[in-house]
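**Q** A single structure is presented below for examination.
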Amino acid sequence: MRTTFLPFSKPSISEPEIEAVAEVLRSGWITTGPKAAEFEEAFKAYCNAEGAVALSSATGGMHLLLAALGIGPGDEVITPSMTWVSTVNLIKLAGATPVFADVDRDTLMVSAKTIEPLITERTRLIIPVHFAGAAVDMEPLRRLALEKGIHLVEDAAHAAGAEYRGEKIGRRGTAIFSFHPIKNMTCGEGGMFCSDDPELIERIRRLKFHGLGMDAYDRNSQGRSPQAEVLEPGFKYNLTDIAAALALGQLRRLDEFNQKRALLAHRYRELLADVEEVLPLAVPSYPTRHAWHLFVVRLDTERAGMSRETFMAELKKRNIGTGIHFKAVHRQKYYRETLQLPEGALANTEWNSDRVCSLPLFPDMALQDVDEVVATIKEVLA
Ligand SMILES: *Cc1c(COP(=O)(O)O)cnc(C)c1O
């Protein structure tokens with residue numbers, strides 16, 4: 001048995017990144033300023049995006065998006081229930097109605113086929129989620145959204161560095177990234193809003209900082225800009241330079257991180273191939289580069305003769321951490337009670353909600369750790 005605890009996720013932060021943060025701390029300017037601007041440019045170049053706005057979280061980005069699109073009472077927003085709660089919370093808080101699309105049983109992603117029947121004349125926005133680092137099949141969705149005149153915005157919280165048909169997520173359309181500590185790159189808390197719509201980028205840039213047309217640190221005058229005026233009431237979701245310095249270092253290492261994640265994931269897939277109680281997610285058949293944000297398996301509870309919760313507890317006793325991504329949003333107390341969706345309404349989502357389990361996957365893990373996780377899984381199931 002392992003003598004040290006293996007968490008399911010852990011950020012990889014190097015000494016040069018710590019030094020870069022220390023430099024900002026010593027510089028006299030610690031909130032949004034030159035580092036945040038540099039990070040926006042670097043992320044934009046990495047994704048080959050047309051516009052990018054650095055934010056304090058992806059959740060903040062989603063809030064700004066709903067405000068910018070004027071989504072409110074009477075509007076419907078289609079998104080999966082197999083996602084993090086933040087998107088659905090914000091739809092609710094905006095006074096709009098979340099409409100859940102079921103996901104593919106084995107990729108946990110929505111498709112044009114599952115979304116189209118849910119479109120009504122009230123539908124204003126579709127938010128697909130690139131799940132676990134794989135890309136949603138965007139082409140049919142883009143066509144559908146265009147044809148129906150509905151906004152399409154990608155939840156790219158799992159997709160930093162992922163590609164769809166040879167293009168980075170963030171290159172086309174609108175995508176919101178997260179830099180929370182469990183994501184593929186982190187800066188403590190942070191997010192990035194990418195879009196090829198220049199008007200939307202301008203609006204987000206304004207709304208993210210009090211509705212002023214500029215940051216407190218004016219890029220042209222290289223100092224405070226006391227003359228800035230409120231152009232419309234805005235929020236406060238700017239990314240600090242402390243965080244941006246770390247994000248810049250992480251972005252430089254992102255490809256290396258994702259290659260390591262892929263190596264570990266392939267080892268898992270190889271070793272789990274003969275463990276019939278444990279079913280990894282499927283990899284999409286269209287051309288993608290997988291960012292391997294998570295290694296999600298489903299426990300075949302019938303075959304294993306144990307619940308997913310018991311399975312996780314037994315692994316924890318043996319010093320192996322796991323996570324759940326995700327408990328379906330419509331199964332969370334508030335949404336259970338307010339939406340009262342009948343059992344089976346989202347069959348694939350519900351089946352997975354009871355069975356998903358994320359195994360340890362992070363860049364500083366060794367292949368040996370994967371071997372130990374799989375050996376321990378076999379022991380628990382035996
Ligand atoms: C992490 C996550 C978010 C929220 O990101 P934050 O930066 O923590 O606000 C949104 N959607 C999904 C699918 C996520 O996993």
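Lettering and numbering for the structure tokens are positional, with chains as A, B, ... in the shown order, residues counted from 1 in each chain, and ligands counted from 1 in the shown order.
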Taking only C-alpha atoms and all ligand atoms into account, which residues have an atom no farther than 6 Å from ligand 1? I'd like them as a PyMOL selection string.
**A** chain A and resi 57-59+83-84+86+155+157-158+178-180+190-191
**Q** I need the residues from that last selection saved to file as an mmCIF file, in the first residue's frame (with all heavy atoms), if you can.
**A**
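Below is the file that was written, result-v8.cif:
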data_model
loop_
_atom_site.group_PDB
_atom_site.id
_atom_site.type_symbol
_atom_site.label_atom_id
_atom_site.label_comp_id
_atom_site.auth_asym_id
_atom_site.auth_seq_id
_atom_site.Cartn_x
_atom_site.Cartn_y
_atom_site.Cartn_z
ATOM 1 N N SER A 57 -12.184 34.599 -12.675
ATOM 2 C CA SER A 57 -12.653 33.205 -12.713
ATOM 3 C C SER A 57 -13.464 32.975 -13.982
ATOM 4 O O SER A 57 -13.901 33.931 -14.630
ATOM 5 C CB SER A 57 -13.523 32.860 -11.488
ATOM 6 O OG SER A 57 -14.776 33.508 -11.576
ATOM 7 N N ALA A 58 -13.690 31.705 -14.297
ATOM 8 C CA ALA A 58 -14.581 31.369 -15.412
ATOM 9 C C ALA A 58 -16.019 31.699 -15.038
ATOM 10 O O ALA A 58 -16.820 32.121 -15.879
ATOM 11 C CB ALA A 58 -14.452 29.891 -15.762
ATOM 12 N N THR A 59 -16.352 31.505 -13.765
ATOM 13 C CA THR A 59 -17.706 31.832 -13.296
ATOM 14 C C THR A 59 -17.985 33.320 -13.522
ATOM 15 O O THR A 59 -19.060 33.693 -14.001
ATOM 16 C CB THR A 59 -17.849 31.472 -11.803
ATOM 17 O OG1 THR A 59 -17.536 30.083 -11.645
ATOM 18 C CG2 THR A 59 -19.247 31.734 -11.295
ATOM 19 N N THR A 83 -22.364 18.997 -15.555
ATOM 20 C CA THR A 83 -21.411 20.108 -15.616
ATOM 21 C C THR A 83 -21.205 20.618 -14.205
ATOM 22 O O THR A 83 -21.850 20.143 -13.254
ATOM 23 C CB THR A 83 -21.936 21.231 -16.527
ATOM 24 O OG1 THR A 83 -20.919 22.236 -16.685
ATOM 25 C CG2 THR A 83 -23.169 21.913 -15.948
ATOM 26 N N TRP A 84 -20.303 21.605 -14.079
ATOM 27 C CA TRP A 84 -20.145 22.241 -12.780
ATOM 28 C C TRP A 84 -21.338 23.180 -12.567
ATOM 29 O O TRP A 84 -21.886 23.717 -13.528
ATOM 30 C CB TRP A 84 -18.794 22.981 -12.694
ATOM 31 C CG TRP A 84 -18.554 23.633 -11.380
ATOM 32 C CD1 TRP A 84 -18.149 24.932 -11.173
ATOM 33 C CD2 TRP A 84 -18.700 23.057 -10.075
ATOM 34 N NE1 TRP A 84 -18.041 25.175 -9.824
ATOM 35 C CE2 TRP A 84 -18.378 24.051 -9.138
ATOM 36 C CE3 TRP A 84 -19.092 21.792 -9.626
ATOM 37 C CZ2 TRP A 84 -18.431 23.829 -7.756
ATOM 38 C CZ3 TRP A 84 -19.152 21.561 -8.247
ATOM 39 C CH2 TRP A 84 -18.817 22.580 -7.332
ATOM 40 N N SER A 86 -21.762 26.133 -11.551
ATOM 41 C CA SER A 86 -21.668 27.592 -11.701
ATOM 42 C C SER A 86 -22.523 28.127 -12.849
ATOM 43 O O SER A 86 -23.224 29.125 -12.681
ATOM 44 C CB SER A 86 -20.206 28.001 -11.877
ATOM 45 O OG SER A 86 -19.611 27.308 -12.951
ATOM 46 N N ASP A 155 -18.099 26.319 -22.796
ATOM 47 C CA ASP A 155 -17.481 26.221 -21.478
ATOM 48 C C ASP A 155 -16.187 25.435 -21.687
ATOM 49 O O ASP A 155 -16.200 24.223 -21.887
ATOM 50 C CB ASP A 155 -18.413 25.502 -20.495
ATOM 51 C CG ASP A 155 -17.808 25.403 -19.100
ATOM 52 O OD1 ASP A 155 -16.566 25.442 -18.983
ATOM 53 O OD2 ASP A 155 -18.572 25.271 -18.131
ATOM 54 N N ALA A 157 -13.605 25.317 -19.531
ATOM 55 C CA ALA A 157 -12.898 25.206 -18.247
ATOM 56 C C ALA A 157 -11.947 24.001 -18.221
ATOM 57 O O ALA A 157 -10.933 24.032 -17.538
ATOM 58 C CB ALA A 157 -13.907 25.113 -17.104
ATOM 59 N N HIS A 158 -12.291 22.945 -18.991
ATOM 60 C CA HIS A 158 -11.466 21.728 -19.007
ATOM 61 C C HIS A 158 -10.533 21.697 -20.215
ATOM 62 O O HIS A 158 -9.869 20.686 -20.446
ATOM 63 C CB HIS A 158 -12.353 20.474 -19.104
ATOM 64 C CG HIS A 158 -13.270 20.286 -17.950
ATOM 65 N ND1 HIS A 158 -14.102 19.194 -17.832
ATOM 66 C CD2 HIS A 158 -13.495 21.035 -16.839
ATOM 67 C CE1 HIS A 158 -14.804 19.275 -16.710
ATOM 68 N NE2 HIS A 158 -14.459 20.397 -16.102
ATOM 69 N N SER A 178 -10.954 28.369 -17.452
ATOM 70 C CA SER A 178 -10.764 28.509 -15.999
ATOM 71 C C SER A 178 -9.331 28.157 -15.618
ATOM 72 O O SER A 178 -8.753 27.221 -16.173
ATOM 73 C CB SER A 178 -11.715 27.568 -15.254
ATOM 74 O OG SER A 178 -11.352 27.508 -13.872
ATOM 75 N N PHE A 179 -8.807 28.899 -14.646
ATOM 76 C CA PHE A 179 -7.468 28.598 -14.119
ATOM 77 C C PHE A 179 -7.523 28.293 -12.627
ATOM 78 O O PHE A 179 -6.618 28.612 -11.864
ATOM 79 C CB PHE A 179 -6.511 29.760 -14.436
ATOM 80 C CG PHE A 179 -6.531 30.184 -15.875
ATOM 81 C CD1 PHE A 179 -6.727 31.514 -16.233
ATOM 82 C CD2 PHE A 179 -6.391 29.239 -16.892
ATOM 83 C CE1 PHE A 179 -6.767 31.903 -17.570
ATOM 84 C CE2 PHE A 179 -6.432 29.613 -18.236
ATOM 85 C CZ PHE A 179 -6.621 30.957 -18.573
ATOM 86 N N HIS A 180 -8.627 27.687 -12.209
ATOM 87 C CA HIS A 180 -8.772 27.168 -10.845
ATOM 88 C C HIS A 180 -7.692 26.096 -10.623
ATOM 89 O O HIS A 180 -7.247 25.462 -11.589
ATOM 90 C CB HIS A 180 -10.185 26.586 -10.721
ATOM 91 C CG HIS A 180 -10.461 25.911 -9.427
ATOM 92 N ND1 HIS A 180 -10.145 24.586 -9.204
ATOM 93 C CD2 HIS A 180 -11.008 26.378 -8.292
ATOM 94 C CE1 HIS A 180 -10.484 24.280 -7.965
ATOM 95 N NE2 HIS A 180 -11.015 25.341 -7.398
ATOM 96 N N GLY A 190 -8.642 32.188 -11.599
ATOM 97 C CA GLY A 190 -8.520 33.026 -12.787
ATOM 98 C C GLY A 190 -9.321 32.447 -13.925
ATOM 99 O O GLY A 190 -9.768 31.292 -13.869
ATOM 100 N N GLY A 191 -9.512 33.252 -14.951
ATOM 101 C CA GLY A 191 -10.241 32.791 -16.128
ATOM 102 C C GLY A 191 -9.844 33.612 -17.343
ATOM 103 O O GLY A 191 -9.158 34.631 -17.213
#
**Q** Produce a table with one row for each residue of segment 314-382 of chain A that has an atom at most 8 Å from any atom of segment 290-295 of chain A, each row naming the nearest atom pair and its distance in Å at one decimal; use only C-alpha atoms; arrange rows by chain and rising residue number; format as CSV.
**A**
residue,atom,partner,partner_atom,distance
A:Ser358,CA,A:Phe295,CA,5.4
A:Leu359,CA,A:Phe295,CA,5.6
A:Pro360,CA,A:Phe295,CA,7.2
A:Leu361,CA,A:Phe295,CA,6.4
**Q** Take the selection from the previous step and output its residues with N, CA, C and O atoms, as a PDB file, in the first residue's frame.
**A**
ATOM      1  N   SER A 358     -13.267  10.294 -10.761  1.00  0.00           N
ATOM      2  CA  SER A 358     -12.040  10.788 -11.397  1.00  0.00           C
ATOM      3  C   SER A 358     -10.842  10.232 -10.648  1.00  0.00           C
ATOM      4  O   SER A 358     -10.709  10.424  -9.441  1.00  0.00           O
ATOM      5  N   LEU A 359      -9.970   9.549 -11.373  1.00  0.00           N
ATOM      6  CA  LEU A 359      -8.754   8.965 -10.784  1.00  0.00           C
ATOM      7  C   LEU A 359      -7.634  10.016 -10.781  1.00  0.00           C
ATOM      8  O   LEU A 359      -7.694  10.981 -11.545  1.00  0.00           O
ATOM      9  N   PRO A 360      -6.609   9.837  -9.944  1.00  0.00           N
ATOM     10  CA  PRO A 360      -5.527  10.824  -9.889  1.00  0.00           C
ATOM     11  C   PRO A 360      -4.901  11.066 -11.260  1.00  0.00           C
ATOM     12  O   PRO A 360      -4.577  10.121 -11.977  1.00  0.00           O
ATOM     13  N   LEU A 361      -4.779  12.339 -11.628  1.00  0.00           N
ATOM     14  CA  LEU A 361      -4.143  12.721 -12.892  1.00  0.00           C
ATOM     15  C   LEU A 361      -3.626  14.147 -12.770  1.00  0.00           C
ATOM     16  O   LEU A 361      -4.418  15.085 -12.682  1.00  0.00           O
TER      17      LEU A 361
END
**Q** Applying 10 Å and only C-alpha atoms, which residues near segment 307-310 of chain A remain after dropping the ones on its own chain fewer than 2 positions away? List them as a compact mmCIF listing (two decimals) with N, CA and C atoms, in the first residue's frame.
**A**
# COMPACT_ATOMS: atom_id res chain seq x y z
N ARG A 298 -16.22 5.16 -15.03
CA ARG A 298 -17.50 4.86 -14.42
C ARG A 298 -17.39 3.49 -13.77
N LEU A 299 -17.82 3.42 -12.52
CA LEU A 299 -17.81 2.12 -11.85
C LEU A 299 -19.08 1.38 -12.23
N ASP A 300 -18.93 0.21 -12.81
CA ASP A 300 -20.09 -0.63 -13.11
C ASP A 300 -20.53 -1.23 -11.77
N THR A 301 -21.46 -0.52 -11.11
CA THR A 301 -21.81 -0.83 -9.72
C THR A 301 -22.45 -2.21 -9.60
N GLU A 302 -23.20 -2.61 -10.64
CA GLU A 302 -23.85 -3.93 -10.61
C GLU A 302 -22.78 -5.03 -10.62
N ALA A 304 -19.55 -4.70 -10.00
CA ALA A 304 -18.60 -4.58 -8.88
C ALA A 304 -19.25 -4.99 -7.56
N GLY A 305 -20.57 -4.93 -7.51
CA GLY A 305 -21.28 -5.26 -6.27
C GLY A 305 -20.98 -4.26 -5.16
N MET A 312 -14.83 4.63 -3.65
CA MET A 312 -13.99 5.80 -3.37
C MET A 312 -13.44 5.75 -1.94
N ALA A 313 -14.29 5.32 -1.00
CA ALA A 313 -13.85 5.25 0.40
C ALA A 313 -12.75 4.20 0.58
N GLU A 314 -12.90 3.07 -0.13
CA GLU A 314 -11.89 2.01 -0.04
C GLU A 314 -10.56 2.47 -0.64
N LEU A 315 -10.62 3.23 -1.73
CA LEU A 315 -9.39 3.77 -2.32
C LEU A 315 -8.74 4.77 -1.37
N LYS A 316 -9.57 5.58 -0.73
CA LYS A 316 -9.05 6.59 0.18
C LYS A 316 -8.33 5.94 1.37
N ILE A 324 -15.44 13.48 -7.99
CA ILE A 324 -16.67 13.22 -8.76
C ILE A 324 -16.90 14.39 -9.71
N ASP A 354 -24.30 8.74 -11.03
CA ASP A 354 -24.14 7.78 -9.93
C ASP A 354 -22.84 6.97 -10.03
N ARG A 355 -22.14 7.05 -11.14
CA ARG A 355 -21.03 6.13 -11.37
C ARG A 355 -19.68 6.77 -11.67
N VAL A 356 -19.67 8.06 -12.01
CA VAL A 356 -18.38 8.67 -12.39
C VAL A 356 -17.44 8.79 -11.20
N CYS A 357 -16.17 8.63 -11.49
CA CYS A 357 -15.12 8.75 -10.48
C CYS A 357 -13.85 9.19 -11.20
N VAL A 380 -9.24 -3.58 -4.43
CA VAL A 380 -10.53 -3.16 -3.86
C VAL A 380 -11.68 -3.97 -4.47
**Q** I need the residue nearest Gly51 of chain A from this list: A:Thr87, A:Thr288, A:Ser195, A:Ser353. Use only C-alpha atoms for the distance.
**A**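 When distances to Gly51 of chain A are compared using only C-alpha atoms, the smallest one comes from A:Ser195.
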**Q** Out of segment 190-382 of chain A, which residues get strand (DSSP E) from DSSP, as an MDAnalysis selection string?
**A** chainID A and resid 191:195 217:218 223:224 278:280 288:289 295:299 356:359
